[in-house]
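Participant: Mind having a look at this structure? Questions to follow.
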Amino acid sequence: SLPDTMAKMGRNAVASAVAVLCMATLALAAYTPASSNGAPSLRQRVQAAFAPGASLPSLRSDGKAALCEGRVCLAPAAKASSKRFSLRNVFGLRMTATAPETEVINDAMEAYVKERGGNRPIRKVLIANNGMAATKSILSMRQWAYMYLGDEKAIKFVAMATPEDLNANAEFIRLADSFVEVPGGSNKNNYANVDVIIDIAIREGVDAVWPGWGHASENPALPNSCVKNNIKFIGPPGPVMYVLGDKIAANILAQTANVPSIPWSGSFGGPDDGPLVAELNEEGTIPDEIFRKAQVTTQEEALAAANRIGYPVMLKASEGGGGKGIRMSANDDELKNNFVQVSNEVPGSPMFMMQLCKNARHLEVQIVGDEHGNAVALNGRDCSTQRRFQKIFEEGPPTIAKPEIFREMELAAQRLTQSIGYVGAGTVEYLYNAESNTFSFLELNPRLQVEHPVTEGLTGVNLPATQLQVAMGIPLHNIPEIRRFYGRDPTGTDKIDFATEEYMPINHHVLAARITAENPDEGFKPTSGMVERVKFQSTPNVWGYFSIGTNGGIHEFADSQFGHLFATGPNREEARKALVLALKEIDVRGEIRNPVEYLVKLLETPEFKSNNIDTSWLDGIIKSKSVTVGFDTNTVVTGAALYRAHQQIKKDLARFSDSLSKGQTATSDLKDINSFSQEIIFEDKKYQFDVTRMSNDRLKLTLGGESQDIKIREQPDGSLLCNFGSNIVRKVYGQEEPLGLRMIVDGTTIMLPNVFDPSELRSDVTGKVVRFLYEDGEEVPANTPYVECEAMKMIMQLRTTEAGKITNVLQPGSIIGAGDLLAEMELKDPSKVKKIEVVTTSVGSFEAEQTPLETAELVLQGFEISDIEPLVSKLLFDLTADQAIEAIDSLLEQYLAVEDKFKGKPLDAAVLELIAANKDNQAVVIDTVQAHLGIKRKNALVLALLRNMASFPDRYPGFKVPELTQQLLDRVGSLPGKIYGEVSTTAAAISEEFKIPDYSARLDELISLITSDTPEAVSKSRKLSLSVDLLSELFSHDDVKVRDAALEVYIRRVYRSHLIEDVKIVDNGETGSTDVFWNFKLRDAPPQSEAPVKRYGMLSVVDSVAEAEKKLPAILGSYKTHMELEGCLTEEGCVNTFHVSLRSGEHEMSDADTVVSQIEGALKENTDDLRCLGVRMVNYLIPQPPRLPRYFAFLECNGYSEEPLRRDMRPSFPYLLELTRLSINYDLTRIPALGRNAQLWIGTEKADDNVAISRPRPQTVFLRAISHSVDTETQAGAERLLLSAMDELERAMLHPLVTGAEQPKTPYPIQYGGGSS
């Protein structure tokens, strides 16, 4: 409320004080060391806080502080403005002295634990895991804290983060309250290293450690070490973990409890091989001597055990899991290799062997035990869809098992865990035979499993939160969600007998899919790399968890799973459909591969739909490749060509932009930007596309003589929206990788591998070389494993492509990336190398819709358009004079706007001027230079426009050149230099033609011309060429001398191909007409013994059509008198002509057909007289000043009806153009022409009465023209004449009668499309 001046002074003063305070704070903080827990120091946090958009610290009102350094604490406050600091933000930074103990007791947590019967509140948890496990646990426990304590921050989470996780922008690091950086590399350095975990737990002062799954989650040393350091382990005690977590011990324990088991190395199943049994010793473990009997420690022991059990067998590491440390072997050779692989995947782990149970389902029961001796079974899951013994889909409840059988499995799992005092969440796994309804114990996992959200979706029990509550000593029957699942009051505390009571019926189904960084095209090989984005939209019946976010990644030491999707429905089929839809919508972009499309295909198989699968089903599909992600080859190669072409254009523009920023003027980067070739190799075939850049967002791809005109648009995520293939809009994404181009087209991933030399063996994974399987110089067969690599914690074998001698390039232990050379081969038979086939056939054609004007503008912007002439014809087709001249003016202005900047200057100088004038807008420079570099195409376009403009006076009668057009022509005509030579010359010539006098002046010039010499001499003058039709305006001139000269000159000009004799002009007092009589003979008549036929002609000038109709008998009488006929002509036939011309004036011709009908009526009434006089043709001339006159011809052969082909043709034109001869062989239809002296017809071949042909008749477009131009005899003039003729033809090809849009009237079928011209 202060006055503006005072307020401004106050703000300045406060700002100065704050600035001093901030500088002092930073100066003091500069000496603050990094915090002991690895977090940034106070100095670093204060500096980061003042970055635009950063969170500024302040003290929370409840006295708790989130960031502390010694006795100084900072807690997050409001966001800092990205534009300026507000006073609120500045004062949000407060420094306060606190007591050494900064932890404030959360009364809500204390009260909850006490109320639920617990004994140990847990407020700070170390997450000893990463990836999906860490992400899911934090989300779940935070959700529980908010729902039951009202504060999602009631529990603080400390994360462990390797350098690889930090570089990958792992999601769990963002979710945690703080993190501690740990050594990178293999998990033995970090998440599986018990010493590292315990050291961090102690230093960070955590209350508990959550182990998750994998890593150290099944290592008894971790819970034992936690106990020693008074830290709660969220899981089972060490001894119990050892007994149940170790797969060997679990099988012995199950056998001891009389749980059915399959033949294994601890019970071969023979008559004298009773199962190994053991009582737990005082330490709660199985005696070592019994444990060792179930192990296989050498290859020899493994082979012996396998042959006693019977192949196929499973070799397992007891400490393995998640697909690690497990291999199936069908014979001794496979077992030898697998023994080494399992040993390397889980180093130091005991190994054992089991018989592979065929046609079995993998069912499991989710159990939870507490420290009070209770155990509950929370239904279970069916995890039978596996590949390499790693689960792909999980679902529940397990509908394949009968309810009573599955209840037995639940109770057996409860008894097994309860009998040994199991505490925490675990999973008892069974192999189930659906045919016999029997089950066998497989193993017990003493940890939470990846697929636990399936159980959460079925039961409503938050399992990580349940683990937490069990760790706080809360009995199972007091956990609200478990009580709700059993139909009890969630707030109650009465006991539940889980062994006898049953939970509420489950009336829905949950189906889950793991999203992994694996390549389904290569047997699910792990991949690693950066991830640009993960797009997934939850719905009421679909949800998911992802361990990575935007700009995250999967590193080579991480687990391959980074996402988990869950779908629910009232039954299995509805859940399946919901999951399919969700998978189709998920979008993962980056360097990694994922099997999403493949998962959709699996879910759509009849076997999965009918639930008729087993644990070997998916491996069988992968081996036989019976399920593949379909794609259209043409779509793939077209998408690849588009992607690579687009990337090349972007690079060229970026290079040129970089050059401009350095002041360099070379334009070589733009030289080939609009036209280049693009090679795509796919499925051993090479496609050589010609790429034409039609505009900034359009490319033309040409292959095999056909083109696709494709509009593209780059999206913010880097993908391209393209319309091709039946004009369908497709989404194309590409990623260049060391091994080739990975494409995603409409959600389908396709790899276009690079063509490698088969003598070079390269890696297709990122990881480490474990061992080479052949020594240097050894012969290696084709398609044989030659090296083992560790990738994503898995041992992978890579195979040769051809046979030959191998030379290993790297050493075991070498770190490798995709595309790295591992070994070289001396090929045994080089001729067997695959040959690349060159494809010359089209992959499709498509022409995008674009107006001719838009296309012409793109030519002027420098883009590639090949067919300039047809373009101009299309542009001006059916336009009015105003529309046509407006379009041409617009294009000429665009042409000059660019070329004015380059005319008369060296290219370098012009570019430098552009840079100086557009310092802040480099795009203008690039666009202008690109436009100028297309000068050849631009000149071709402008020349075509100028030629068409020159015909406007004929095309548009009465056309007057606008002042703007004249100015533009003068500017174009004045462009200097060789590159503008033809354009400027043509523009100047047309400009001069357009400067001819107006109509009255032209008449005066014509009068002067026709009176300057004899009519015979004038009729042959070239000066008369453009004024022949104007003579009709002088047929009624007041000056008889002028009138007579005009009439005789007209007759002699029109009939100049004949020999004219005795021209007489008389005024007919009886009819009021001016009559002209003449005799003529054919000039080119062949020599004959007798004289040529004498022909007569008459022209009668009358006032109107009505007057002519009235006086026609008298006029014809005058004609007969001139011919000196007493009777009628009989010998010569009809060879004479009769012309009627109306006197100059306004003659209504809006409806020409009505006028023609009137004339036809008059002629038919006088048909006998006309034939008596031997009149072959009657021609009517009707002046239309200042426009050209109209001509109408009526032939005796048609009964003196009009001949439409001759309308608006001077009387002599049909003879000169040989129209009669043409019409003998073709049915002709007239097409409008641009030029007055040009005629266009479309001719359809006439039927031959003697030949029965039912085929479609071809059409031919005929162009015939007469030139009266003086310069036609010169080369330049002849070229202009021919170019004008081509313009006429190009325009004719657009006519509906030529394209087939309209049909001429013929009695037989027609082949449309302008077969020839």
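Going through the structure tokens in order, the chains are called A, B, and so on, while each chain numbers its residues from 1 and the ligands are numbered from 1 in the order shown.
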List the spatial neighbours of region 203-219 of chain A as JSON, numbers by chain - criterion: any atom at most 8 Å away, only C-alpha atoms, same-chain residues fewer than 2 positions off excluded.
Facilitator: {"A": [36, 37, 122, 123, 124, 125, 126, 127, 128, 129, 133, 134, 137, 158, 187, 191, 192, 193, 194, 199, 200, 201, 221, 222, 223, 226, 231, 232, 233, 234, 235, 238, 241, 242, 245, 246, 319, 321, 322, 446, 447, 448, 449, 450]}
Participant: When DSSP works through the backbone of this structure, what residues of region 1082-1264 of chain A end up as strand (DSSP E), shown as a PDB file with N, CA and C atoms, in the first residue's frame?
Facilitator:
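Below you can see states-v5.pdb, which holds the result:
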```
ATOM      1  N   LEU A1082      -7.481 -23.875-105.873  1.00  0.00           N
ATOM      2  CA  LEU A1082      -6.501 -24.480-104.970  1.00  0.00           C
ATOM      3  C   LEU A1082      -5.104 -24.196-105.478  1.00  0.00           C
ATOM      4  N   ARG A1095     -13.772 -21.988-108.219  1.00  0.00           N
ATOM      5  CA  ARG A1095     -14.600 -21.917-107.009  1.00  0.00           C
ATOM      6  C   ARG A1095     -15.026 -20.472-106.791  1.00  0.00           C
ATOM      7  N   TYR A1096     -16.175 -20.301-106.128  1.00  0.00           N
ATOM      8  CA  TYR A1096     -16.723 -18.985-105.870  1.00  0.00           C
ATOM      9  C   TYR A1096     -16.851 -18.767-104.360  1.00  0.00           C
ATOM     10  N   GLY A1097     -16.666 -17.508-103.979  1.00  0.00           N
ATOM     11  CA  GLY A1097     -16.852 -17.144-102.595  1.00  0.00           C
ATOM     12  C   GLY A1097     -17.617 -15.862-102.457  1.00  0.00           C
ATOM     13  N   MET A1098     -18.360 -15.739-101.359  1.00  0.00           N
ATOM     14  CA  MET A1098     -19.103 -14.514-101.101  1.00  0.00           C
ATOM     15  C   MET A1098     -19.089 -14.206 -99.607  1.00  0.00           C
ATOM     16  N   LEU A1099     -18.906 -12.923 -99.286  1.00  0.00           N
ATOM     17  CA  LEU A1099     -19.000 -12.428 -97.906  1.00  0.00           C
ATOM     18  C   LEU A1099     -20.034 -11.322 -97.905  1.00  0.00           C
ATOM     19  N   SER A1100     -21.054 -11.450 -97.052  1.00  0.00           N
ATOM     20  CA  SER A1100     -22.102 -10.439 -96.961  1.00  0.00           C
ATOM     21  C   SER A1100     -22.086  -9.843 -95.564  1.00  0.00           C
ATOM     22  N   VAL A1101     -21.967  -8.514 -95.487  1.00  0.00           N
ATOM     23  CA  VAL A1101     -21.911  -7.805 -94.203  1.00  0.00           C
ATOM     24  C   VAL A1101     -23.303  -7.231 -93.930  1.00  0.00           C
ATOM     25  N   VAL A1102     -23.930  -7.687 -92.815  1.00  0.00           N
ATOM     26  CA  VAL A1102     -25.281  -7.259 -92.455  1.00  0.00           C
ATOM     27  C   VAL A1102     -25.267  -6.764 -91.014  1.00  0.00           C
ATOM     28  N   ASN A1136     -18.095 -24.316-103.144  1.00  0.00           N
ATOM     29  CA  ASN A1136     -18.080 -22.879-102.918  1.00  0.00           C
ATOM     30  C   ASN A1136     -18.296 -22.542-101.440  1.00  0.00           C
ATOM     31  N   THR A1137     -17.985 -21.320-101.077  1.00  0.00           N
ATOM     32  CA  THR A1137     -18.121 -20.876 -99.682  1.00  0.00           C
ATOM     33  C   THR A1137     -18.991 -19.644 -99.614  1.00  0.00           C
ATOM     34  N   PHE A1138     -19.648 -19.492 -98.462  1.00  0.00           N
ATOM     35  CA  PHE A1138     -20.533 -18.354 -98.240  1.00  0.00           C
ATOM     36  C   PHE A1138     -20.303 -17.844 -96.816  1.00  0.00           C
ATOM     37  N   HIS A1139     -19.960 -16.559 -96.702  1.00  0.00           N
ATOM     38  CA  HIS A1139     -19.645 -15.949 -95.405  1.00  0.00           C
ATOM     39  C   HIS A1139     -20.661 -14.864 -95.084  1.00  0.00           C
ATOM     40  N   VAL A1140     -21.026 -14.801 -93.812  1.00  0.00           N
ATOM     41  CA  VAL A1140     -21.883 -13.728 -93.315  1.00  0.00           C
ATOM     42  C   VAL A1140     -21.160 -13.082 -92.145  1.00  0.00           C
ATOM     43  N   SER A1141     -20.989 -11.757 -92.209  1.00  0.00           N
ATOM     44  CA  SER A1141     -20.362 -11.030 -91.111  1.00  0.00           C
ATOM     45  C   SER A1141     -21.309  -9.942 -90.643  1.00  0.00           C
ATOM     46  N   LEU A1142     -21.433  -9.832 -89.328  1.00  0.00           N
ATOM     47  CA  LEU A1142     -22.242  -8.752 -88.765  1.00  0.00           C
ATOM     48  C   LEU A1142     -21.388  -7.498 -88.659  1.00  0.00           C
ATOM     49  N   VAL A1175     -22.779 -24.469-102.360  1.00  0.00           N
ATOM     50  CA  VAL A1175     -22.131 -23.968-101.125  1.00  0.00           C
ATOM     51  C   VAL A1175     -21.767 -25.150-100.230  1.00  0.00           C
ATOM     52  N   ARG A1176     -20.508 -25.323-100.034  1.00  0.00           N
ATOM     53  CA  ARG A1176     -20.011 -26.418 -99.174  1.00  0.00           C
ATOM     54  C   ARG A1176     -19.989 -26.028 -97.714  1.00  0.00           C
ATOM     55  N   MET A1177     -19.678 -24.754 -97.452  1.00  0.00           N
ATOM     56  CA  MET A1177     -19.533 -24.290 -96.068  1.00  0.00           C
ATOM     57  C   MET A1177     -20.075 -22.886 -95.943  1.00  0.00           C
ATOM     58  N   VAL A1178     -20.867 -22.666 -94.885  1.00  0.00           N
ATOM     59  CA  VAL A1178     -21.355 -21.334 -94.535  1.00  0.00           C
ATOM     60  C   VAL A1178     -20.651 -20.921 -93.256  1.00  0.00           C
ATOM     61  N   ASN A1179     -20.086 -19.717 -93.219  1.00  0.00           N
ATOM     62  CA  ASN A1179     -19.365 -19.249 -92.038  1.00  0.00           C
ATOM     63  C   ASN A1179     -19.954 -17.929 -91.566  1.00  0.00           C
ATOM     64  N   TYR A1180     -20.294 -17.877 -90.289  1.00  0.00           N
ATOM     65  CA  TYR A1180     -20.805 -16.644 -89.675  1.00  0.00           C
ATOM     66  C   TYR A1180     -19.709 -16.041 -88.815  1.00  0.00           C
ATOM     67  N   LEU A1181     -19.469 -14.711 -88.987  1.00  0.00           N
ATOM     68  CA  LEU A1181     -18.498 -13.965 -88.185  1.00  0.00           C
ATOM     69  C   LEU A1181     -19.263 -12.925 -87.393  1.00  0.00           C
ATOM     70  N   ILE A1182     -19.158 -13.004 -86.061  1.00  0.00           N
ATOM     71  CA  ILE A1182     -19.906 -12.075 -85.199  1.00  0.00           C
ATOM     72  C   ILE A1182     -18.904 -11.291 -84.347  1.00  0.00           C
ATOM     73  N   PRO A1183     -18.674  -9.994 -84.645  1.00  0.00           N
ATOM     74  CA  PRO A1183     -17.720  -9.175 -83.870  1.00  0.00           C
ATOM     75  C   PRO A1183     -18.128  -9.067 -82.398  1.00  0.00           C
ATOM     76  N   GLN A1184     -17.100  -8.986 -81.512  1.00  0.00           N
ATOM     77  CA  GLN A1184     -17.316  -8.845 -80.059  1.00  0.00           C
ATOM     78  C   GLN A1184     -16.310  -7.835 -79.505  1.00  0.00           C
ATOM     79  N   ARG A1187     -13.151  -7.648 -77.690  1.00  0.00           N
ATOM     80  CA  ARG A1187     -12.694  -9.023 -77.707  1.00  0.00           C
ATOM     81  C   ARG A1187     -12.645  -9.541 -79.125  1.00  0.00           C
ATOM     82  N   LEU A1188     -12.104 -10.725 -79.281  1.00  0.00           N
ATOM     83  CA  LEU A1188     -12.003 -11.334 -80.599  1.00  0.00           C
ATOM     84  C   LEU A1188     -13.377 -11.750 -81.089  1.00  0.00           C
ATOM     85  N   PRO A1189     -13.597 -11.767 -82.401  1.00  0.00           N
ATOM     86  CA  PRO A1189     -14.910 -12.152 -82.943  1.00  0.00           C
ATOM     87  C   PRO A1189     -15.163 -13.642 -82.761  1.00  0.00           C
ATOM     88  N   ARG A1190     -16.436 -14.022 -82.898  1.00  0.00           N
ATOM     89  CA  ARG A1190     -16.828 -15.419 -82.843  1.00  0.00           C
ATOM     90  C   ARG A1190     -17.035 -15.936 -84.270  1.00  0.00           C
ATOM     91  N   TYR A1191     -16.618 -17.214 -84.484  1.00  0.00           N
ATOM     92  CA  TYR A1191     -16.791 -17.849 -85.782  1.00  0.00           C
ATOM     93  C   TYR A1191     -17.638 -19.104 -85.607  1.00  0.00           C
ATOM     94  N   PHE A1192     -18.587 -19.326 -86.550  1.00  0.00           N
ATOM     95  CA  PHE A1192     -19.431 -20.514 -86.529  1.00  0.00           C
ATOM     96  C   PHE A1192     -19.490 -21.074 -87.950  1.00  0.00           C
ATOM     97  N   ALA A1193     -19.238 -22.389 -88.067  1.00  0.00           N
ATOM     98  CA  ALA A1193     -19.201 -23.026 -89.382  1.00  0.00           C
ATOM     99  C   ALA A1193     -20.352 -24.027 -89.524  1.00  0.00           C
ATOM    100  N   PHE A1194     -21.005 -24.007 -90.738  1.00  0.00           N
ATOM    101  CA  PHE A1194     -22.140 -24.879 -91.007  1.00  0.00           C
ATOM    102  C   PHE A1194     -21.855 -25.600 -92.332  1.00  0.00           C
ATOM    103  N   LEU A1195     -21.776 -26.919 -92.302  1.00  0.00           N
ATOM    104  CA  LEU A1195     -21.337 -27.689 -93.449  1.00  0.00           C
ATOM    105  C   LEU A1195     -22.512 -28.336 -94.177  1.00  0.00           C
ATOM    106  N   SER A1201     -25.972 -27.924 -90.552  1.00  0.00           N
ATOM    107  CA  SER A1201     -25.930 -27.790 -89.085  1.00  0.00           C
ATOM    108  C   SER A1201     -24.503 -27.404 -88.684  1.00  0.00           C
ATOM    109  N   GLU A1202     -24.379 -26.838 -87.493  1.00  0.00           N
ATOM    110  CA  GLU A1202     -23.048 -26.376 -87.083  1.00  0.00           C
ATOM    111  C   GLU A1202     -22.099 -27.553 -86.909  1.00  0.00           C
ATOM    112  N   TYR A1226     -10.703 -40.641 -87.015  1.00  0.00           N
ATOM    113  CA  TYR A1226     -10.947 -40.485 -85.585  1.00  0.00           C
ATOM    114  C   TYR A1226     -12.273 -39.779 -85.342  1.00  0.00           C
ATOM    115  N   ASP A1227     -12.929 -40.186 -84.273  1.00  0.00           N
ATOM    116  CA  ASP A1227     -14.023 -39.391 -83.742  1.00  0.00           C
ATOM    117  C   ASP A1227     -13.401 -38.313 -82.880  1.00  0.00           C
ATOM    118  N   LEU A1228     -13.559 -37.069 -83.264  1.00  0.00           N
ATOM    119  CA  LEU A1228     -12.857 -35.969 -82.618  1.00  0.00           C
ATOM    120  C   LEU A1228     -13.772 -35.218 -81.660  1.00  0.00           C
ATOM    121  N   THR A1229     -13.193 -34.861 -80.513  1.00  0.00           N
ATOM    122  CA  THR A1229     -13.880 -33.999 -79.551  1.00  0.00           C
ATOM    123  C   THR A1229     -12.968 -32.822 -79.266  1.00  0.00           C
ATOM    124  N   ARG A1230     -13.487 -31.614 -79.382  1.00  0.00           N
ATOM    125  CA  ARG A1230     -12.692 -30.401 -79.206  1.00  0.00           C
ATOM    126  C   ARG A1230     -12.366 -30.184 -77.738  1.00  0.00           C
ATOM    127  N   ILE A1231     -11.138 -29.791 -77.471  1.00  0.00           N
ATOM    128  CA  ILE A1231     -10.696 -29.417 -76.125  1.00  0.00           C
ATOM    129  C   ILE A1231     -10.259 -27.962 -76.177  1.00  0.00           C
ATOM    130  N   ALA A1238      -4.111 -22.058 -82.028  1.00  0.00           N
ATOM    131  CA  ALA A1238      -3.880 -23.475 -81.727  1.00  0.00           C
ATOM    132  C   ALA A1238      -5.205 -24.172 -81.532  1.00  0.00           C
ATOM    133  N   GLN A1239      -5.234 -25.433 -81.902  1.00  0.00           N
ATOM    134  CA  GLN A1239      -6.438 -26.228 -81.756  1.00  0.00           C
ATOM    135  C   GLN A1239      -6.072 -27.581 -81.122  1.00  0.00           C
ATOM    136  N   LEU A1240      -6.928 -28.038 -80.195  1.00  0.00           N
ATOM    137  CA  LEU A1240      -6.712 -29.311 -79.510  1.00  0.00           C
ATOM    138  C   LEU A1240      -7.937 -30.195 -79.716  1.00  0.00           C
ATOM    139  N   TRP A1241      -7.673 -31.474 -80.020  1.00  0.00           N
ATOM    140  CA  TRP A1241      -8.752 -32.442 -80.132  1.00  0.00           C
ATOM    141  C   TRP A1241      -8.342 -33.717 -79.414  1.00  0.00           C
ATOM    142  N   ILE A1242      -9.308 -34.405 -78.897  1.00  0.00           N
ATOM    143  CA  ILE A1242      -9.062 -35.756 -78.414  1.00  0.00           C
ATOM    144  C   ILE A1242      -9.755 -36.684 -79.408  1.00  0.00           C
ATOM    145  N   GLY A1243      -8.955 -37.578 -79.997  1.00  0.00           N
ATOM    146  CA  GLY A1243      -9.470 -38.446 -81.038  1.00  0.00           C
ATOM    147  C   GLY A1243      -9.565 -39.880 -80.579  1.00  0.00           C
ATOM    148  N   THR A1244     -10.699 -40.499 -80.859  1.00  0.00           N
ATOM    149  CA  THR A1244     -10.899 -41.915 -80.565  1.00  0.00           C
ATOM    150  C   THR A1244     -10.965 -42.676 -81.884  1.00  0.00           C
ATOM    151  N   GLU A1245     -10.133 -43.669 -81.978  1.00  0.00           N
ATOM    152  CA  GLU A1245     -10.038 -44.434 -83.223  1.00  0.00           C
ATOM    153  C   GLU A1245     -11.415 -44.958 -83.647  1.00  0.00           C
ATOM    154  N   ARG A1257     -10.892 -48.800 -77.428  1.00  0.00           N
ATOM    155  CA  ARG A1257     -10.227 -47.985 -78.440  1.00  0.00           C
ATOM    156  C   ARG A1257      -9.285 -46.984 -77.800  1.00  0.00           C
ATOM    157  N   PRO A1258      -8.048 -46.912 -78.251  1.00  0.00           N
ATOM    158  CA  PRO A1258      -7.119 -45.942 -77.651  1.00  0.00           C
ATOM    159  C   PRO A1258      -7.477 -44.519 -78.044  1.00  0.00           C
ATOM    160  N   GLN A1259      -7.115 -43.585 -77.198  1.00  0.00           N
ATOM    161  CA  GLN A1259      -7.341 -42.172 -77.465  1.00  0.00           C
ATOM    162  C   GLN A1259      -6.020 -41.500 -77.807  1.00  0.00           C
ATOM    163  N   THR A1260      -6.110 -40.470 -78.603  1.00  0.00           N
ATOM    164  CA  THR A1260      -4.928 -39.689 -78.952  1.00  0.00           C
ATOM    165  C   THR A1260      -5.281 -38.220 -78.814  1.00  0.00           C
ATOM    166  N   VAL A1261      -4.398 -37.462 -78.190  1.00  0.00           N
ATOM    167  CA  VAL A1261      -4.578 -36.020 -78.085  1.00  0.00           C
ATOM    168  C   VAL A1261      -3.816 -35.375 -79.241  1.00  0.00           C
ATOM    169  N   PHE A1262      -4.534 -34.582 -80.076  1.00  0.00           N
ATOM    170  CA  PHE A1262      -3.929 -33.909 -81.218  1.00  0.00           C
ATOM    171  C   PHE A1262      -3.827 -32.416 -80.933  1.00  0.00           C
ATOM    172  N   LEU A1263      -2.648 -31.865 -81.149  1.00  0.00           N
ATOM    173  CA  LEU A1263      -2.436 -30.423 -81.071  1.00  0.00           C
ATOM    174  C   LEU A1263      -1.957 -29.969 -82.443  1.00  0.00           C
ATOM    175  N   ARG A1264      -2.658 -28.993 -83.019  1.00  0.00           N
ATOM    176  CA  ARG A1264      -2.232 -28.427 -84.292  1.00  0.00           C
ATOM    177  C   ARG A1264      -2.351 -26.907 -84.181  1.00  0.00           C
TER     178      ARG A1264
END
```
Participant: Compile the contact shell of Ile816 (chain A) as a list of chain:residue names: residues with an atom at most 6 Å away, counting only C-alpha atoms, same-chain residues fewer than 5 positions apart removed.
Facilitator: A:Thr766, A:Gly767, A:Lys768
Participant: Quick one: write out the picked residues with N, CA and C atoms as an mmCIF file, in the first residue's frame?
Facilitator:
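result_16.cif, written as the output of this step:
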```
data_model
loop_
_atom_site.group_PDB
_atom_site.id
_atom_site.type_symbol
_atom_site.label_atom_id
_atom_site.label_comp_id
_atom_site.auth_asym_id
_atom_site.auth_seq_id
_atom_site.Cartn_x
_atom_site.Cartn_y
_atom_site.Cartn_z
ATOM 1 N N THR A 766 26.128 -56.176 -24.284
ATOM 2 C CA THR A 766 27.049 -55.358 -23.494
ATOM 3 C C THR A 766 27.329 -56.084 -22.185
ATOM 4 N N GLY A 767 28.576 -56.283 -21.883
ATOM 5 C CA GLY A 767 28.891 -57.019 -20.664
ATOM 6 C C GLY A 767 30.377 -57.342 -20.567
ATOM 7 N N LYS A 768 30.661 -58.615 -20.314
ATOM 8 C CA LYS A 768 32.047 -59.034 -20.074
ATOM 9 C C LYS A 768 32.262 -60.417 -20.679
#
```
Participant: Neighbouring residues of Met354 (chain A) were defined as those with any atom within 6 Å, considering only C-alpha atoms; residues of the same chain fewer than 4 positions away were excluded. Please report them as a VMD selection string.
Facilitator: chain A and resid 264 313 to 314
Participant: Now that the selection is made, can you save its residues with all heavy atoms as a JSON list (two decimals), in the first residue's frame?
Facilitator:
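Writing the result to again29.json gives the following:
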```json
[["chain", "number", "residue", "atom", "x", "y", "z"],
["A", 264, "TRP", "N", 15.77, -86.10, -7.63],
["A", 264, "TRP", "CA", 16.81, -85.07, -7.65],
["A", 264, "TRP", "C", 18.07, -85.66, -7.03],
["A", 264, "TRP", "O", 18.10, -86.83, -6.64],
["A", 264, "TRP", "CB", 16.34, -83.80, -6.94],
["A", 264, "TRP", "CG", 16.14, -83.93, -5.44],
["A", 264, "TRP", "CD1", 15.23, -84.70, -4.80],
["A", 264, "TRP", "CD2", 16.89, -83.26, -4.42],
["A", 264, "TRP", "NE1", 15.33, -84.57, -3.44],
["A", 264, "TRP", "CE2", 16.35, -83.67, -3.19],
["A", 264, "TRP", "CE3", 17.94, -82.34, -4.42],
["A", 264, "TRP", "CZ2", 16.85, -83.21, -1.96],
["A", 264, "TRP", "CZ3", 18.43, -81.86, -3.21],
["A", 264, "TRP", "CH2", 17.88, -82.30, -2.00],
["A", 313, "VAL", "N", 17.54, -83.00, -17.36],
["A", 313, "VAL", "CA", 17.72, -82.61, -15.96],
["A", 313, "VAL", "C", 17.91, -81.11, -15.85],
["A", 313, "VAL", "O", 18.24, -80.43, -16.82],
["A", 313, "VAL", "CB", 18.94, -83.33, -15.34],
["A", 313, "VAL", "CG1", 18.73, -84.83, -15.29],
["A", 313, "VAL", "CG2", 20.22, -82.97, -16.10],
["A", 314, "MET", "N", 17.70, -80.63, -14.62],
["A", 314, "MET", "CA", 17.92, -79.22, -14.32],
["A", 314, "MET", "C", 19.10, -79.11, -13.37],
["A", 314, "MET", "O", 19.08, -79.72, -12.30],
["A", 314, "MET", "CB", 16.69, -78.60, -13.67],
["A", 314, "MET", "CG", 15.41, -78.75, -14.45],
["A", 314, "MET", "SD", 15.51, -77.93, -16.03],
["A", 314, "MET", "CE", 15.89, -76.29, -15.49]]
```
Participant: What's around region 860-872 of chain A at 7 Å? Count only C-alpha atoms, leave out sequence neighbours fewer than 6 positions away in its own chain, and write the answer as a VMD selection string.
Facilitator: chain A and resid 674 692 to 695 852 894 to 895 930 to 934 938 940 to 941 944 to 945 1287 1290
